[in-house]
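Novice: One file: work.txt (compact mmCIF, C-alpha atoms).
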```txt
# COMPACT_ATOMS: atom_id res chain seq x y z
CA MET O 9 152.06 46.65 76.22
CA LEU O 10 151.37 45.41 79.73
CA VAL O 11 149.99 41.88 80.03
CA GLU O 12 148.86 40.16 83.20
CA PHE O 13 148.25 36.43 83.07
CA SER O 14 147.38 33.54 85.35
CA ILE O 15 147.36 29.84 84.59
CA ILE O 16 145.26 27.43 86.64
CA PRO O 17 145.54 23.66 86.28
CA ILE O 18 142.10 22.07 86.78
CA GLY O 19 141.89 18.68 88.41
CA ALA O 20 145.44 18.74 89.77
CA GLY O 21 144.45 19.08 93.43
CA SER O 22 143.95 22.28 95.39
CA SER O 23 147.66 23.06 95.82
CA LEU O 24 148.98 24.63 92.62
CA GLY O 25 152.40 25.70 93.90
CA ASP O 26 154.50 23.27 91.87
CA HIS O 27 152.80 24.29 88.63
CA LEU O 28 153.11 27.99 89.41
CA ALA O 29 156.80 27.57 90.29
CA GLU O 30 157.43 26.04 86.86
CA VAL O 31 155.58 28.94 85.20
CA LEU O 32 157.66 31.47 87.11
CA ARG O 33 160.87 29.64 86.28
CA ILE O 34 159.99 30.07 82.59
CA VAL O 35 159.04 33.75 83.05
CA ASP O 36 162.13 34.58 85.11
CA SER O 37 164.45 33.09 82.50
CA SER O 38 162.67 34.74 79.54
CA GLY O 39 164.41 38.09 79.80
CA LEU O 40 161.09 40.02 79.59
CA PRO O 41 160.38 42.54 82.36
CA TYR O 42 157.93 40.99 84.83
CA LYS O 43 156.36 41.47 88.25
CA LEU O 44 154.78 38.63 90.21
CA ASN O 45 151.77 39.39 92.42
CA PRO O 46 149.58 37.07 94.54
CA MET O 47 147.01 36.66 91.73
CA GLY O 48 149.10 36.68 88.57
CA THR O 49 152.20 37.83 86.73
CA VAL O 50 152.52 41.09 84.81
CA ILE O 51 154.92 41.17 81.85
CA GLU O 52 155.74 43.97 79.40
CA GLY O 53 156.56 43.69 75.70
CA GLU O 54 155.11 43.54 72.21
CA TRP O 55 152.19 41.22 71.34
CA ASP O 56 154.28 38.48 69.73
CA GLU O 57 156.90 38.21 72.47
CA THR O 58 154.44 38.32 75.37
CA MET O 59 152.07 35.81 73.74
CA LYS O 60 154.97 33.49 72.89
CA LEU O 61 155.98 33.45 76.56
CA ILE O 62 152.44 32.84 77.81
CA LYS O 63 151.95 30.04 75.26
CA LYS O 64 155.16 28.40 76.53
CA CYS O 65 153.91 28.59 80.13
CA HIS O 66 150.45 27.31 79.20
CA ARG O 67 151.95 24.37 77.29
CA ALA O 68 154.19 23.48 80.24
CA VAL O 69 151.16 23.27 82.54
CA MET O 70 149.07 21.34 79.98
CA GLN O 71 151.81 18.72 79.70
CA THR O 72 151.23 17.73 83.31
CA GLY O 73 147.44 17.52 83.26
CA GLU O 74 144.17 17.32 81.41
CA ARG O 75 142.76 20.82 81.64
CA THR O 76 144.01 24.35 82.16
CA VAL O 77 142.26 27.71 82.48
CA THR O 78 144.44 30.65 81.42
CA ARG O 79 143.46 34.30 81.78
CA ILE O 80 145.17 37.20 80.05
CA SER O 81 144.55 40.94 80.41
CA MET O 82 146.32 43.40 78.11
CA ASP O 83 146.66 47.16 78.44
CA ASP O 84 148.05 48.51 75.16
CA ARG O 85 148.82 52.24 74.95
CA LYS O 86 150.55 53.89 72.02
CA GLY O 87 153.95 55.47 72.53
CA LYS O 88 154.34 54.46 76.19
CA THR O 89 157.17 52.24 77.42
CA ASN O 90 158.39 51.01 80.82
CA ARG O 91 154.82 51.19 82.08
CA ILE O 92 155.52 48.20 84.34
CA GLU O 93 157.27 50.70 86.63
CA ALA O 94 155.62 53.95 85.58
CA LYS O 95 151.93 53.15 86.19
CA VAL O 96 152.30 52.53 89.91
CA LYS O 97 154.68 55.48 90.36
CA SER O 98 152.22 57.76 88.60
CA ILE O 99 149.51 56.85 91.11
CA GLU O 100 151.87 57.36 94.04
CA GLN O 101 152.86 60.80 92.72
CA ARG O 102 149.24 61.86 92.40
CA LEU O 103 148.53 60.74 95.97
CA GLY O 104 151.81 62.11 97.32
CA LYS O 105 152.49 58.92 99.25
CA SER O 106 154.00 55.48 98.87
CA LEU O 107 151.57 52.57 98.42
CA LYS O 108 151.91 48.86 99.28
CA LYS O 109 153.25 46.78 96.38
CA MET Q 217 140.31 25.13 73.14
CA LEU Q 218 137.56 27.59 74.04
CA VAL Q 219 138.58 31.24 74.20
CA GLU Q 220 136.42 34.16 75.28
CA PHE Q 221 137.67 37.67 74.57
CA SER Q 222 136.56 41.26 74.86
CA ILE Q 223 138.24 44.37 73.49
CA ILE Q 224 137.56 47.77 75.04
CA PRO Q 225 138.79 50.99 73.46
CA ILE Q 226 139.72 53.47 76.20
CA GLY Q 227 139.16 57.15 75.58
CA ALA Q 228 136.86 56.63 72.61
CA GLY Q 229 133.70 57.82 74.35
CA SER Q 230 131.18 55.71 76.26
CA SER Q 231 129.54 54.20 73.17
CA LEU Q 232 131.69 51.38 71.86
CA GLY Q 233 129.24 49.94 69.31
CA ASP Q 234 131.13 50.93 66.15
CA HIS Q 235 134.36 49.35 67.43
CA LEU Q 236 132.60 46.18 68.55
CA ALA Q 237 130.83 45.90 65.18
CA GLU Q 238 134.21 46.01 63.41
CA VAL Q 239 135.53 43.29 65.76
CA LEU Q 240 132.51 41.08 65.07
CA ARG Q 241 132.82 41.66 61.33
CA ILE Q 242 136.36 40.25 61.55
CA VAL Q 243 135.27 37.31 63.75
CA ASP Q 244 132.26 36.45 61.58
CA SER Q 245 134.40 36.34 58.42
CA SER Q 246 137.21 34.32 60.05
CA GLY Q 247 135.62 30.92 59.61
CA LEU Q 248 136.26 29.93 63.25
CA PRO Q 249 133.27 28.76 65.28
CA TYR Q 250 132.10 31.61 67.51
CA LYS Q 251 129.28 32.71 69.79
CA LEU Q 252 128.66 36.35 70.70
CA ASN Q 253 127.28 37.19 74.15
CA PRO Q 254 126.54 40.55 75.82
CA MET Q 255 129.99 40.64 77.50
CA GLY Q 256 132.30 39.04 74.95
CA THR Q 257 132.80 36.59 72.14
CA VAL Q 258 133.66 32.90 72.54
CA ILE Q 259 135.66 31.23 69.77
CA GLU Q 260 136.97 27.68 69.47
CA GLY Q 261 140.21 26.50 67.90
CA GLU Q 262 143.89 25.83 68.48
CA TRP Q 263 146.14 28.39 70.24
CA ASP Q 264 147.71 29.81 67.10
CA GLU Q 265 144.51 30.31 65.12
CA THR Q 266 142.50 31.77 68.00
CA MET Q 267 145.34 34.13 69.04
CA LYS Q 268 145.87 35.21 65.42
CA LEU Q 269 142.22 36.21 65.19
CA ILE Q 270 142.24 38.09 68.50
CA LYS Q 271 145.44 39.91 67.51
CA LYS Q 272 143.78 40.99 64.26
CA CYS Q 273 140.77 42.34 66.18
CA HIS Q 274 142.96 44.08 68.77
CA ARG Q 275 145.04 45.73 66.02
CA ALA Q 276 141.90 46.95 64.23
CA VAL Q 277 140.70 48.67 67.41
CA MET Q 278 144.17 50.10 68.21
CA GLN Q 279 144.30 51.69 64.74
CA THR Q 280 141.41 53.94 65.66
CA GLY Q 281 142.59 55.07 69.09
CA GLU Q 282 145.30 55.49 71.67
CA ARG Q 283 144.59 52.74 74.18
CA THR Q 284 142.85 49.39 74.28
CA VAL Q 285 142.19 46.91 77.07
CA THR Q 286 141.79 43.32 75.83
CA ARG Q 287 140.80 40.38 78.05
CA ILE Q 288 141.15 36.74 77.09
CA SER Q 289 140.04 33.61 78.98
CA MET Q 290 141.01 30.18 77.71
CA ASP Q 291 139.65 26.77 78.71
CA ASP Q 292 141.93 24.11 77.24
CA ARG Q 293 140.95 20.47 77.72
CA LYS Q 294 142.73 17.55 76.12
CA GLY Q 295 140.88 15.43 73.60
CA LYS Q 296 137.65 17.43 73.61
CA THR Q 297 136.25 19.12 70.51
CA ASN Q 298 133.10 21.09 69.64
CA ARG Q 299 132.91 22.24 73.23
CA ILE Q 300 131.39 25.54 72.04
CA GLU Q 301 128.14 23.57 71.70
CA ALA Q 302 128.76 20.69 74.09
CA LYS Q 303 129.46 22.58 77.35
CA VAL Q 304 126.08 24.28 77.54
CA LYS Q 305 124.23 21.14 76.39
CA SER Q 306 125.98 19.12 79.08
CA ILE Q 307 124.68 21.48 81.77
CA GLU Q 308 121.17 21.38 80.34
CA GLN Q 309 121.21 17.60 80.31
CA ARG Q 310 122.29 17.43 83.94
CA LEU Q 311 119.48 19.82 84.93
CA GLY Q 312 116.94 18.18 82.63
CA LYS Q 313 115.78 21.55 81.31
CA SER Q 314 116.57 24.15 78.70
CA LEU Q 315 118.44 27.27 79.90
CA LYS Q 316 118.50 30.82 78.52
CA LYS Q 317 121.29 31.40 76.02
CA MET X 6 124.48 46.65 85.03
CA LEU X 7 125.67 43.63 83.06
CA VAL X 8 127.76 41.11 84.99
CA GLU X 9 129.46 38.02 83.59
CA PHE X 10 130.80 35.47 86.03
CA SER X 11 132.40 32.05 86.08
CA ILE X 12 133.12 29.81 89.04
CA ILE X 13 135.82 27.14 88.86
CA PRO X 14 136.29 24.52 91.59
CA ILE X 15 140.00 23.73 91.96
CA GLY X 16 141.03 20.23 92.88
CA ALA X 17 137.66 18.67 92.06
CA GLY X 18 138.82 16.78 88.98
CA SER X 19 138.82 17.99 85.39
CA SER X 20 135.08 17.53 84.83
CA LEU X 21 133.23 20.47 86.36
CA GLY X 22 129.77 19.76 84.96
CA ASP X 23 128.05 18.82 88.21
CA HIS X 24 129.26 22.00 89.91
CA LEU X 25 128.26 24.18 86.97
CA ALA X 26 124.82 22.55 86.84
CA GLU X 27 124.27 23.48 90.49
CA VAL X 28 125.36 27.08 89.75
CA LEU X 29 122.95 27.30 86.82
CA ARG X 30 120.13 25.81 88.87
CA ILE X 31 120.61 28.69 91.35
CA VAL X 32 120.83 31.31 88.57
CA ASP X 33 117.81 29.96 86.69
CA SER X 34 115.65 30.06 89.82
CA SER X 35 116.82 33.54 90.89
CA GLY X 36 114.46 35.50 88.68
CA LEU X 37 117.27 37.75 87.36
CA PRO X 38 117.66 37.97 83.58
CA TYR X 39 120.56 35.74 82.49
CA LYS X 40 122.25 34.24 79.47
CA LEU X 41 124.52 31.18 79.66
CA ASN X 42 127.47 30.95 77.26
CA PRO X 43 130.25 28.31 76.96
CA MET X 44 132.62 30.35 79.17
CA GLY X 45 130.34 31.96 81.74
CA THR X 46 126.96 33.36 82.64
CA VAL X 47 125.82 36.94 82.04
CA ILE X 48 123.25 38.41 84.43
CA GLU X 49 121.67 41.88 84.56
CA GLY X 50 120.65 43.87 87.63
CA GLU X 51 121.83 46.30 90.28
CA TRP X 52 125.09 45.75 92.21
CA ASP X 53 123.50 44.31 95.35
CA GLU X 54 121.20 41.82 93.65
CA THR X 55 123.80 40.56 91.16
CA MET X 56 126.50 40.23 93.83
CA LYS X 57 124.08 38.46 96.19
CA LEU X 58 123.38 35.87 93.49
CA ILE X 59 127.06 35.34 92.66
CA LYS X 60 127.90 35.00 96.36
CA LYS X 61 125.20 32.32 96.70
CA CYS X 62 126.66 30.41 93.73
CA HIS X 63 130.23 30.76 95.01
CA ARG X 64 129.21 29.50 98.47
CA ALA X 65 127.43 26.50 96.95
CA VAL X 66 130.60 25.48 95.10
CA MET X 67 132.84 26.13 98.13
CA GLN X 68 130.67 23.80 100.23
CA THR X 69 131.73 20.88 98.07
CA GLY X 70 135.45 21.55 97.96
CA GLU X 71 138.56 23.25 99.25
CA ARG X 72 139.23 25.99 96.73
CA THR X 73 137.32 28.01 94.17
CA VAL X 74 138.37 30.63 91.65
CA THR X 75 135.56 33.04 90.73
CA ARG X 76 135.83 35.71 88.05
CA ILE X 77 133.42 38.61 87.61
CA SER X 78 133.29 41.28 84.89
CA MET X 79 130.89 44.21 85.20
CA ASP X 80 129.81 46.71 82.58
CA ASP X 81 127.94 49.52 84.31
CA ARG X 82 126.40 52.25 82.14
CA LYS X 83 124.17 55.00 83.45
CA GLY X 84 120.58 55.14 82.31
CA LYS X 85 120.65 51.98 80.19
CA THR X 86 118.45 48.98 80.87
CA ASN X 87 117.77 45.63 79.16
CA ARG X 88 121.30 45.68 77.82
CA ILE X 89 121.41 41.88 78.07
CA GLU X 90 119.33 41.92 74.85
CA ALA X 91 120.23 45.33 73.45
CA LYS X 92 124.03 45.09 73.22
CA VAL X 93 124.09 42.18 70.79
CA LYS X 94 121.17 43.59 68.75
CA SER X 95 123.00 46.91 68.44
CA ILE X 96 126.02 45.18 66.91
CA GLU X 97 123.83 43.19 64.53
CA GLN X 98 122.06 46.36 63.41
CA ARG X 99 125.36 48.11 62.70
CA LEU X 100 126.54 45.14 60.64
CA GLY X 101 123.16 44.63 58.96
CA LYS X 102 123.29 40.89 59.59
CA SER X 103 122.49 38.27 62.19
CA LEU X 104 125.44 36.89 64.23
CA LYS X 105 125.92 33.54 65.95
CA LYS X 106 124.81 33.55 69.58
CA MET E 156 140.12 35.11 100.28
CA LEU E 157 142.36 36.91 97.79
CA VAL E 158 140.62 39.30 95.42
CA GLU E 159 142.21 41.21 92.55
CA PHE E 160 140.22 43.99 90.95
CA SER E 161 140.60 46.70 88.33
CA ILE E 162 138.23 49.54 87.50
CA ILE E 163 138.32 51.19 84.09
CA PRO E 164 136.34 54.35 83.34
CA ILE E 165 135.13 54.24 79.71
CA GLY E 166 134.89 57.47 77.77
CA ALA E 167 137.01 59.48 80.20
CA GLY E 168 140.02 59.86 77.88
CA SER E 169 143.02 57.56 77.59
CA SER E 170 144.72 58.76 80.80
CA LEU E 171 143.09 57.09 83.78
CA GLY E 172 145.55 58.17 86.46
CA ASP E 173 143.27 60.53 88.38
CA HIS E 174 140.55 57.91 88.65
CA LEU E 175 143.00 55.21 89.71
CA ALA E 176 144.53 57.51 92.33
CA GLU E 177 141.08 58.03 93.86
CA VAL E 178 140.52 54.25 93.91
CA LEU E 179 143.87 53.68 95.64
CA ARG E 180 143.15 56.45 98.15
CA ILE E 181 140.00 54.53 99.14
CA VAL E 182 141.83 51.18 99.26
CA ASP E 183 144.78 52.53 101.24
CA SER E 184 142.49 54.04 103.87
CA SER E 185 140.27 50.93 104.14
CA GLY E 186 142.48 49.03 106.56
CA LEU E 187 142.33 45.84 104.45
CA PRO E 188 145.64 44.26 103.42
CA TYR E 189 146.36 45.19 99.79
CA LYS E 190 149.08 45.11 97.13
CA LEU E 191 149.02 47.37 94.08
CA ASN E 192 150.45 46.03 90.79
CA PRO E 193 150.60 47.60 87.30
CA MET E 194 147.35 45.88 86.22
CA GLY E 195 145.23 45.87 89.36
CA THR E 196 145.01 45.76 93.13
CA VAL E 197 144.98 42.60 95.25
CA ILE E 198 143.13 42.72 98.58
CA GLU E 199 142.57 40.02 101.19
CA GLY E 200 139.53 39.49 103.40
CA GLU E 201 136.12 37.88 103.65
CA TRP E 202 133.55 38.18 100.83
CA ASP E 203 131.46 40.94 102.43
CA GLU E 204 134.36 43.21 103.40
CA THR E 205 136.22 42.87 100.10
CA MET E 206 133.06 43.37 98.01
CA LYS E 207 132.03 46.39 100.12
CA LEU E 208 135.39 48.01 99.39
CA ILE E 209 135.23 47.28 95.64
CA LYS E 210 131.65 48.60 95.48
CA LYS E 211 132.82 51.83 97.15
CA CYS E 212 135.64 52.21 94.59
CA HIS E 213 133.32 51.38 91.66
CA ARG E 214 130.75 53.93 92.85
CA ALA E 215 133.44 56.62 93.20
CA VAL E 216 134.49 56.11 89.59
CA MET E 217 130.88 55.96 88.32
CA GLN E 218 130.16 59.32 89.96
CA THR E 219 132.62 61.00 87.60
CA GLY E 220 131.49 59.38 84.34
CA GLU E 221 128.93 57.48 82.32
CA ARG E 222 130.36 54.00 82.09
CA THR E 223 132.76 51.80 84.03
CA VAL E 224 134.12 48.31 83.44
CA THR E 225 135.15 46.53 86.65
CA ARG E 226 136.88 43.15 86.78
CA ILE E 227 137.20 40.99 89.88
CA SER E 228 139.08 37.69 90.37
CA MET E 229 138.73 35.75 93.60
CA ASP E 230 140.82 32.88 94.91
CA ASP E 231 139.04 31.39 97.92
CA ARG E 232 140.77 28.60 99.82
CA LYS E 233 139.51 27.09 103.06
CA GLY E 234 141.57 27.51 106.19
CA LYS E 235 144.30 29.65 104.64
CA THR E 236 145.09 33.17 105.81
CA ASN E 237 147.71 35.82 104.98
CA ARG E 238 147.93 34.42 101.49
CA ILE E 239 148.64 37.93 100.17
CA GLU E 240 152.20 37.36 101.46
CA ALA E 241 152.37 33.56 101.52
CA LYS E 242 151.54 32.73 97.88
CA VAL E 243 154.51 34.56 96.39
CA LYS E 244 156.86 33.36 99.13
CA SER E 245 155.78 29.77 98.52
CA ILE E 246 156.76 30.04 94.84
CA GLU E 247 160.12 31.62 95.73
CA GLN E 248 160.84 28.81 98.20
CA ARG E 249 160.11 26.14 95.61
CA LEU E 250 162.42 27.85 93.11
CA GLY E 251 165.06 28.65 95.73
CA LYS E 252 165.41 32.21 94.46
CA SER E 253 163.91 35.66 94.86
CA LEU E 254 161.53 36.82 92.10
CA LYS E 255 160.67 40.32 90.87
CA LYS E 256 157.61 41.77 92.61
```
What do you get writing this file as structure tokens?
Specialist:
Amino acid sequence: MLVEFSIIPIGAGSSLGDHLAEVLRIVDSSGLPYKLNPMGTVIEGEWDETMKLIKKCHRAVMQTGERTVTRISMDDRKGKTNRIEAKVKSIEQRLGKSLKK
Amino acid sequence: MLVEFSIIPIGAGSSLGDHLAEVLRIVDSSGLPYKLNPMGTVIEGEWDETMKLIKKCHRAVMQTGERTVTRISMDDRKGKTNRIEAKVKSIEQRLGKSLKK
Amino acid sequence: MLVEFSIIPIGAGSSLGDHLAEVLRIVDSSGLPYKLNPMGTVIEGEWDETMKLIKKCHRAVMQTGERTVTRISMDDRKGKTNRIEAKVKSIEQRLGKSLKK
Amino acid sequence: MLVEFSIIPIGAGSSLGDHLAEVLRIVDSSGLPYKLNPMGTVIEGEWDETMKLIKKCHRAVMQTGERTVTRISMDDRKGKTNRIEAKVKSIEQRLGKSLKK
């Protein structure tokens, strides 16, 4: 399934870049397919492996502060794989043009 | 931590009541503190127990259809418990009046 | 339509109660139907009136700080009104029991 | 501000591609900066222009069905522009490596 998540440290100042860099370091070294966007990170995998990765990221941010807000959105569709590439391509094919990514 | 979640079956028609009733049956019998609202359900507990419950609900909905969108929001704050009651009361105390719940 | 929203000031410390109290003061005096829960506030109305209220709340929080994360979820269903009461009651009727709210 | 949104038609079957293509056609022709990802679309602009675009997309999807769930996340930070490019670059600079996008 596809899972987008974002992790926001509360009370750590208005610049979150150091925390987000640590999260992305964990994601990038996890081996799961991922795509970073300006509002979150999309990963693809089964429930247990994606949730294990998000828990690890959440814990890393909690270690540095008092409070964290984490948001997760899942899109689970039977019998479909490699949707992290296929969903956007499918839209581009229907429109017959390349979109900004 | 506090966790709000909602589970939406896609392609199951525009009435989702039967699916949501099954989700709430699972939540209500889980033993975790919860509060149902018109847009989701808030539960309180540690990561593993709250995620185990949401996975069980998500799986129950996936068994009946092809696609499910599940959204989860977590608010994790060190050293605070019973926030499922305390957060709303804290706002009411600051305002000096009872709010609609 | 039903709209749940939450507004989180970033960099304002880990206690957000004063900001949330101001948001709820605005919501409570708006005249729109609402229900506060531990993770957000659900309001009911047409697009323009619900978005106007959320914009007012968001602006109030931005005035006091540098950065704000606001999340909005809408459930828009043709020809249905008073869903802020009816959705939860519908689930309770299907289950034949009262749920925690 | 940065705004990510996703629009899900409920009860329109489990393939949403035609609806999403129509949404992206509207976004692509709007003139606002945007980036499509597998779970949503990020746009950048002021409150009124971003909300006007999302309302137009939501209305287009509602015209074809009975029920729509729309989710919006905003990240509003004073005095910062072109964050749709800068946020990801900032994380890459901190890590000293290119990430998957």
Novice: Using all atoms listed in the file, what table do you get, as a tab-separated table, when you list each residue of chain X with an atom no more than 8 Å from chain E, its nearest pair of atoms, and their distance in Å rounded to one decimal, rows by chain then rising number?
Specialist:
```
residue	atom	partner	partner_atom	distance
X:Trp52	CA	E:Lys210	CA	7.9
X:Lys60	CA	E:Trp202	CA	7.9
X:Glu71	CA	E:Lys233	CA	5.5
X:Arg72	CA	E:Arg232	CA	4.3
X:Thr73	CA	E:Asp231	CA	5.3
X:Val74	CA	E:Asp230	CA	4.7
X:Thr75	CA	E:Met229	CA	5.1
X:Arg76	CA	E:Ser228	CA	4.5
X:Ile77	CA	E:Ile227	CA	5.0
X:Ser78	CA	E:Arg226	CA	4.5
X:Met79	CA	E:Thr225	CA	5.1
X:Asp80	CA	E:Val224	CA	4.7
X:Asp81	CA	E:Thr223	CA	5.3
X:Arg82	CA	E:Arg222	CA	4.3
X:Lys83	CA	E:Glu221	CA	5.5
```
Novice: Compare Q:Ile259, Q:Val277, Q:Ile300, Q:Leu315 by their minimum atom-to-atom distance to Val239 in chain Q, counting only C-alpha atoms, and give me the closest one.
Specialist: Q:Val277
Novice: Take chain X, lay it over chain Q with a least-squares fit on all the Cα atoms in order, then hand it over as a compact mmCIF listing (two decimals) with C-alpha atoms, in the frame of the given file.
Specialist:
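The result, written out as part-v4.txt:
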```txt
# COMPACT_ATOMS: atom_id res chain seq x y z
CA MET X 6 140.30 25.13 73.11
CA LEU X 7 137.56 27.59 74.04
CA VAL X 8 138.58 31.24 74.20
CA GLU X 9 136.42 34.16 75.29
CA PHE X 10 137.67 37.66 74.58
CA SER X 11 136.56 41.26 74.86
CA ILE X 12 138.23 44.36 73.50
CA ILE X 13 137.56 47.77 75.04
CA PRO X 14 138.79 51.01 73.45
CA ILE X 15 139.72 53.50 76.19
CA GLY X 16 139.16 57.17 75.58
CA ALA X 17 136.86 56.66 72.60
CA GLY X 18 133.68 57.82 74.33
CA SER X 19 131.20 55.70 76.25
CA SER X 20 129.52 54.19 73.18
CA LEU X 21 131.69 51.36 71.86
CA GLY X 22 129.26 49.93 69.32
CA ASP X 23 131.13 50.92 66.17
CA HIS X 24 134.35 49.35 67.44
CA LEU X 25 132.60 46.17 68.54
CA ALA X 26 130.83 45.90 65.17
CA GLU X 27 134.21 46.00 63.42
CA VAL X 28 135.52 43.28 65.77
CA LEU X 29 132.51 41.08 65.06
CA ARG X 30 132.81 41.66 61.33
CA ILE X 31 136.37 40.25 61.55
CA VAL X 32 135.28 37.31 63.75
CA ASP X 33 132.26 36.46 61.59
CA SER X 34 134.39 36.35 58.44
CA SER X 35 137.21 34.32 60.04
CA GLY X 36 135.62 30.92 59.60
CA LEU X 37 136.28 29.94 63.25
CA PRO X 38 133.28 28.77 65.28
CA TYR X 39 132.09 31.62 67.52
CA LYS X 40 129.29 32.72 69.79
CA LEU X 41 128.64 36.37 70.69
CA ASN X 42 127.28 37.18 74.15
CA PRO X 43 126.54 40.56 75.82
CA MET X 44 129.98 40.64 77.50
CA GLY X 45 132.30 39.04 74.96
CA THR X 46 132.81 36.60 72.14
CA VAL X 47 133.65 32.91 72.54
CA ILE X 48 135.68 31.24 69.78
CA GLU X 49 136.97 27.66 69.46
CA GLY X 50 140.22 26.48 67.88
CA GLU X 51 143.89 25.82 68.49
CA TRP X 52 146.14 28.38 70.25
CA ASP X 53 147.71 29.81 67.10
CA GLU X 54 144.52 30.30 65.12
CA THR X 55 142.51 31.78 68.01
CA MET X 56 145.34 34.12 69.04
CA LYS X 57 145.88 35.21 65.42
CA LEU X 58 142.22 36.21 65.19
CA ILE X 59 142.24 38.09 68.51
CA LYS X 60 145.44 39.90 67.52
CA LYS X 61 143.79 40.99 64.25
CA CYS X 62 140.77 42.34 66.18
CA HIS X 63 142.96 44.09 68.76
CA ARG X 64 145.05 45.73 66.02
CA ALA X 65 141.91 46.94 64.24
CA VAL X 66 140.71 48.68 67.41
CA MET X 67 144.16 50.10 68.20
CA GLN X 68 144.30 51.69 64.73
CA THR X 69 141.40 53.94 65.66
CA GLY X 70 142.60 55.07 69.07
CA GLU X 71 145.30 55.48 71.67
CA ARG X 72 144.60 52.73 74.18
CA THR X 73 142.86 49.38 74.29
CA VAL X 74 142.20 46.91 77.07
CA THR X 75 141.79 43.32 75.83
CA ARG X 76 140.82 40.40 78.05
CA ILE X 77 141.15 36.74 77.09
CA SER X 78 140.04 33.62 78.98
CA MET X 79 141.02 30.17 77.72
CA ASP X 80 139.66 26.78 78.70
CA ASP X 81 141.93 24.12 77.24
CA ARG X 82 140.94 20.47 77.72
CA LYS X 83 142.73 17.55 76.11
CA GLY X 84 140.88 15.43 73.60
CA LYS X 85 137.65 17.44 73.60
CA THR X 86 136.26 19.13 70.52
CA ASN X 87 133.09 21.08 69.64
CA ARG X 88 132.91 22.25 73.23
CA ILE X 89 131.40 25.54 72.04
CA GLU X 90 128.14 23.56 71.68
CA ALA X 91 128.76 20.70 74.10
CA LYS X 92 129.46 22.58 77.35
CA VAL X 93 126.07 24.28 77.55
CA LYS X 94 124.22 21.13 76.39
CA SER X 95 125.97 19.11 79.10
CA ILE X 96 124.68 21.47 81.79
CA GLU X 97 121.17 21.39 80.34
CA GLN X 98 121.21 17.59 80.31
CA ARG X 99 122.28 17.43 83.95
CA LEU X 100 119.48 19.81 84.92
CA GLY X 101 116.93 18.16 82.63
CA LYS X 102 115.78 21.53 81.31
CA SER X 103 116.56 24.14 78.70
CA LEU X 104 118.44 27.28 79.89
CA LYS X 105 118.48 30.82 78.52
CA LYS X 106 121.27 31.42 76.02
```
Novice: Give me the residues near Gly168 in chain E as a PDB file with C-alpha atoms, in the coordinates of the input, where near means some atom within 8 Å (using all atoms listed in the file) and where sequence neighbours in that chain fewer than 6 positions away do not count.
Specialist:
```pdb
ATOM      1  CA  ILE Q 226     139.720  53.470  76.200  1.00  0.00           C
ATOM      2  CA  GLY Q 227     139.160  57.150  75.580  1.00  0.00           C
ATOM      3  CA  ALA Q 228     136.860  56.630  72.610  1.00  0.00           C
ATOM      4  CA  GLY Q 229     133.700  57.820  74.350  1.00  0.00           C
TER       5      GLY Q 229
END
```
Novice: What does the structure give for the distance between CA of Leu240 in chain Q and CA of Lys305 in chain Q, in Å to one decimal?
Specialist: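 CA of Lys305 in chain Q lies 24.4 Å from CA of Leu240 in chain Q.
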Novice: Smallest atom-to-atom distance to Leu171 in chain E: which of E:Thr205, E:Thr196, E:Lys255, E:Thr219, using all atoms listed in the file?
Specialist: E:Thr219
Novice: Please determine, counting all atoms listed in the file, which residue among X:Glu49, X:Pro43, X:Ala65, X:Lys85 has the shortest atom-to-atom distance to Arg30 in chain X.
Specialist: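 For Arg30 in chain X, the nearest of the given residues is X:Ala65.
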Novice: To one decimal place, how far is CA of Asp173 in chain E from CA of Gly186 in chain E in Å?
Specialist: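 Rounded to one decimal, the two atoms are 21.5 Å apart.
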Novice: How big is the axis-aligned box around all listed atoms of range 42-60 of chain X once 3 Å goes on each side, and where's its centre, in Å to one decimal, as AutoDock Vina command-line options?
Specialist:
```
--center_x 126.6 --center_y 37.3 --center_z 86.7 --size_x 18.0 --size_y 24.0 --size_z 25.4
```
Novice: What gap, in Å, lies between CA of Gln101 in chain O and CA of Lys242 in chain E?
Specialist: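 Distance reported for this atom pair: 28.6 Å.
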